[in-house]
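Visitor: Structure incoming, see below.
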Amino acid sequence: MADDSIQPAELRREDVLTVDDDHFTTDSVAIVTGGGSGIGRATAVALAANGLTVVATDLDEEGLAGTVETAEECEVEGTVETVAGNLTDDDDIERIVAESAEFGQIRYLANIAGLQHIDPLPEFPMEKYDLMHQVMLRAPFYLSKLVMPHIEDTDDQVGAIGNMASIHGHIATQDKAGYITSKFGLRGLTQSIAAEGAGTLRAFTISTGYVKTPLVTDQIPDTAAERGISEREVVEDVMLGDAMVKEMMEPVEVANLFVLGFSKHGRHLDGGDLTWDGGHLTTY
Ligand code: NAD
């Protein structure tokens with residue numbers, strides 16, 4: 001399907017926000033989870049385009065290879081290394097951080113990996129709840145716990161942890177209780193990191209509405225068929241009905257928020273949230 005209101009545009013170097021920052025060099029490592037697809041892929045490429053050594057991690061090895069290819073096509077100044085792993089496995093989490101440290105000084109962590117499951121609360125499968133909690137809350141907690149000492153070990157203790165939340169980290173809708181619970185929790189984790197980070201080791205969340213990634217676009221044809229409406233109507237009326245900006249975001253637009261948050265221009269962003277929601281939470 002070629003509808004560009006739904007399918008993401010090809011990631012181009014000129015769409016990446018580039019910041020001149022003394023810490024954005026290949027000596028600095030940024031770990032990006034979910035780096036094999038969607039927002040994680042775009043973030044890995046955008047951070048590498050800003051000169052960093054990025055370690056993209058994901059379950060999906062083919063996806064990771066696609067991220068390296070995209071970075072090459074964008075002729076990034078930094079590099080994208082890959083470490084495959086499952087964020088439900090503590091040994092993998094420890095290995096991801098240990099291997100990342102071999103590439104340089106870990107200063108940045110982007111917790112992006114995630115998944116969705118739709119069911120009413122009384123029917124919500126507990127194994128799905130546990131999986132969502134493990135990937136979207138426990139793994140960010142454990143990765144942060146392991147990465148914070150690396151940032152504290154640097155000459156100036158400058159670094160940041162960016163956590164991918166959602167408008168569903170602020171408001172609730174039906175049938176997404178597992179996701180919403182994890183995303184609300186992620187904001188608590190973020191504020192806890194800020195409280196312990198002494199102001200130079202910062203943390204922030206990013207909360208967006210709908211972004212053109214497989215997590216969302218895969219659901220659109222089914223929703224259209226179920227409701228007997230067009231795919232464009234699903235986007236404009238169902239997904240973006242409560243937003244003022246009637247377009248889904250591109251993954252690179254979210255990636256640029258990680259660049260901003262990690263950079264010197266994010267210096268006063270500590271525990272806070274970048275709410276890029278097209279007016280969804282602020283208007284009605
Ligand atoms: P995506 O499906 O394109 O990417 C998610 C990635 O996470 C996949 O590559 C997947 O393999 C990886 N992953 C899942 N479980 C894993 C595990 N156990 N171990 C390692 N990796 C695992 O989805 P996306 O839209 O890019 O989502 C990224 C994040 O953004 C998620 O946390 C999601 O909740 C959040 N988010 C997405 C949207 C949106 O509209 N797409 C909006 C707000 C927030």
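Residue numbers start at 1 in each chain; chains themselves are named A, B, ... in the order of the structure tokens; ligands are numbered from 1 in the order shown.
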Give me, as CSV, each residue of chain A that comes within 6 Å of ligand 1, together with its shortest interatomic pair and the distance in Å at one decimal, counting only C-alpha atoms and all ligand atoms, with rows ordered by chain and rising residue number.
Guide:
```
residue,atom,partner,partner_atom_place_in_ligand_line,distance
A:Gly34,CA,ligand 1,7 (O),3.8
A:Gly36,CA,ligand 1,9 (O),4.4
A:Ser37,CA,ligand 1,9 (O),4.2
A:Gly38,CA,ligand 1,26 (O),3.5
A:Ile39,CA,ligand 1,26 (O),3.8
A:Gly40,CA,ligand 1,26 (O),5.6
A:Asp58,CA,ligand 1,21 (N),4.0
A:Leu59,CA,ligand 1,20 (C),4.2
A:Asp60,CA,ligand 1,11 (O),5.0
A:Gly85,CA,ligand 1,20 (C),5.8
A:Asn86,CA,ligand 1,19 (N),3.7
A:Leu87,CA,ligand 1,19 (N),3.9
A:Thr88,CA,ligand 1,18 (N),5.2
A:Ile112,CA,ligand 1,29 (C),4.6
A:Ala113,CA,ligand 1,7 (O),3.5
A:Gly114,CA,ligand 1,32 (O),3.6
A:Leu115,CA,ligand 1,14 (C),5.6
A:Val135,CA,ligand 1,18 (N),5.4
A:Met164,CA,ligand 1,32 (O),5.5
A:Ala165,CA,ligand 1,44 (C),5.4
A:Ser166,CA,ligand 1,43 (C),4.1
A:Thr208,CA,ligand 1,43 (C),4.9
A:Gly209,CA,ligand 1,42 (C),5.1
A:Tyr210,CA,ligand 1,40 (O),3.4
A:Val211,CA,ligand 1,40 (O),3.6
A:Lys212,CA,ligand 1,41 (N),5.9
A:Thr213,CA,ligand 1,25 (O),4.7
A:Pro214,CA,ligand 1,3 (O),4.7
A:Leu215,CA,ligand 1,2 (O),4.1
A:Val216,CA,ligand 1,41 (N),5.2
```
Visitor: Just the residues within 7 Å of range 18-23 of chain A, please, counting only C-alpha atoms, with nothing from its chain fewer than 3 positions along; format it as a PyMOL selection string.
Guide: chain A and resi 28+50+263-264
Visitor: Just to confirm, what's the straight-line distance from CA of Leu137 in chain A to CA of Ala203 in chain A in Å (one decimal)?
Guide: 14.6 Å
Visitor: Find the residues of range 15-49 of chain A that sit at most 8 Å from range 256-259 of chain A; for each, write down the nearest two atoms and how far apart they are in Å, to one decimal. Count only C-alpha atoms. Sort by chain, then by number going up, and give it as a tab-separated table.
Guide:
```
residue	atom	partner	partner_atom	distance
A:Val16	CA	A:Asn256	CA	6.3
A:Leu17	CA	A:Asn256	CA	5.4
A:Thr18	CA	A:Val259	CA	7.7
A:Val19	CA	A:Val259	CA	7.6
A:Thr43	CA	A:Phe258	CA	7.0
A:Ala46	CA	A:Asn256	CA	6.9
A:Leu47	CA	A:Val259	CA	6.3
```
Visitor: Would you export the selected residues with N, CA and C atoms as a PDB file, in the first residue's frame, please?
Guide:
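Below is the file that was written, selection_3.pdb:
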```pdb
ATOM      1  N   VAL A  16      17.364  14.597   9.509  1.00  0.00           N
ATOM      2  CA  VAL A  16      17.882  14.388  10.872  1.00  0.00           C
ATOM      3  C   VAL A  16      18.319  15.722  11.470  1.00  0.00           C
ATOM      4  N   LEU A  17      17.891  15.985  12.706  1.00  0.00           N
ATOM      5  CA  LEU A  17      18.354  17.167  13.443  1.00  0.00           C
ATOM      6  C   LEU A  17      19.826  16.969  13.811  1.00  0.00           C
ATOM      7  N   THR A  18      20.655  17.905  13.410  1.00  0.00           N
ATOM      8  CA  THR A  18      22.088  17.778  13.708  1.00  0.00           C
ATOM      9  C   THR A  18      22.481  18.860  14.700  1.00  0.00           C
ATOM     10  N   VAL A  19      23.115  18.439  15.765  1.00  0.00           N
ATOM     11  CA  VAL A  19      23.498  19.358  16.836  1.00  0.00           C
ATOM     12  C   VAL A  19      25.006  19.299  17.013  1.00  0.00           C
ATOM     13  N   THR A  43      16.168   6.341  15.493  1.00  0.00           N
ATOM     14  CA  THR A  43      16.967   6.967  16.552  1.00  0.00           C
ATOM     15  C   THR A  43      18.425   6.530  16.462  1.00  0.00           C
ATOM     16  N   ALA A  46      19.851   8.458  13.565  1.00  0.00           N
ATOM     17  CA  ALA A  46      19.962   9.904  13.844  1.00  0.00           C
ATOM     18  C   ALA A  46      21.123  10.182  14.808  1.00  0.00           C
ATOM     19  N   LEU A  47      21.279   9.345  15.809  1.00  0.00           N
ATOM     20  CA  LEU A  47      22.380   9.568  16.774  1.00  0.00           C
ATOM     21  C   LEU A  47      23.728   9.317  16.101  1.00  0.00           C
TER      22      LEU A  47
END
```
Visitor: Name the residues in contact with Thr282 in chain A at a cut-off of 10 Å, using only C-alpha atoms, excluding same-chain residues fewer than 3 positions from it; report them as a ChimeraX atom specification.
Guide: /A:242-244,275,277-279
Visitor: So how far away is CA of Met249 in chain A from CA of Ala9 in chain A, in Å?
Guide: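 About the pair CA of Ala9 in chain A and CA of Met249 in chain A: they are 10.3 Å apart.
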Visitor: Go through A:His133, A:Lys176, A:Arg41, A:Arg202 and flag the residue nearest Gln116 in chain A, using only C-alpha atoms for the distances.
Guide: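 Between A:His133, A:Lys176, A:Arg41, A:Arg202, the residue approaching Gln116 in chain A most closely is A:Lys176.
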Visitor: Separation of CA of His168 in chain A and CA of Val45 in chain A, in Å?
Guide: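 These atoms are spaced 25.7 Å apart.
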Visitor: Out of A:Ala139, A:Leu240, A:Ile229, A:Ala255, which residue has the shortest atom-to-atom distance to Leu186 in chain A when counting only C-alpha atoms?
Guide: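 Comparing A:Ala139, A:Leu240, A:Ile229, A:Ala255 against Leu186 in chain A, the winner is A:Ala139.
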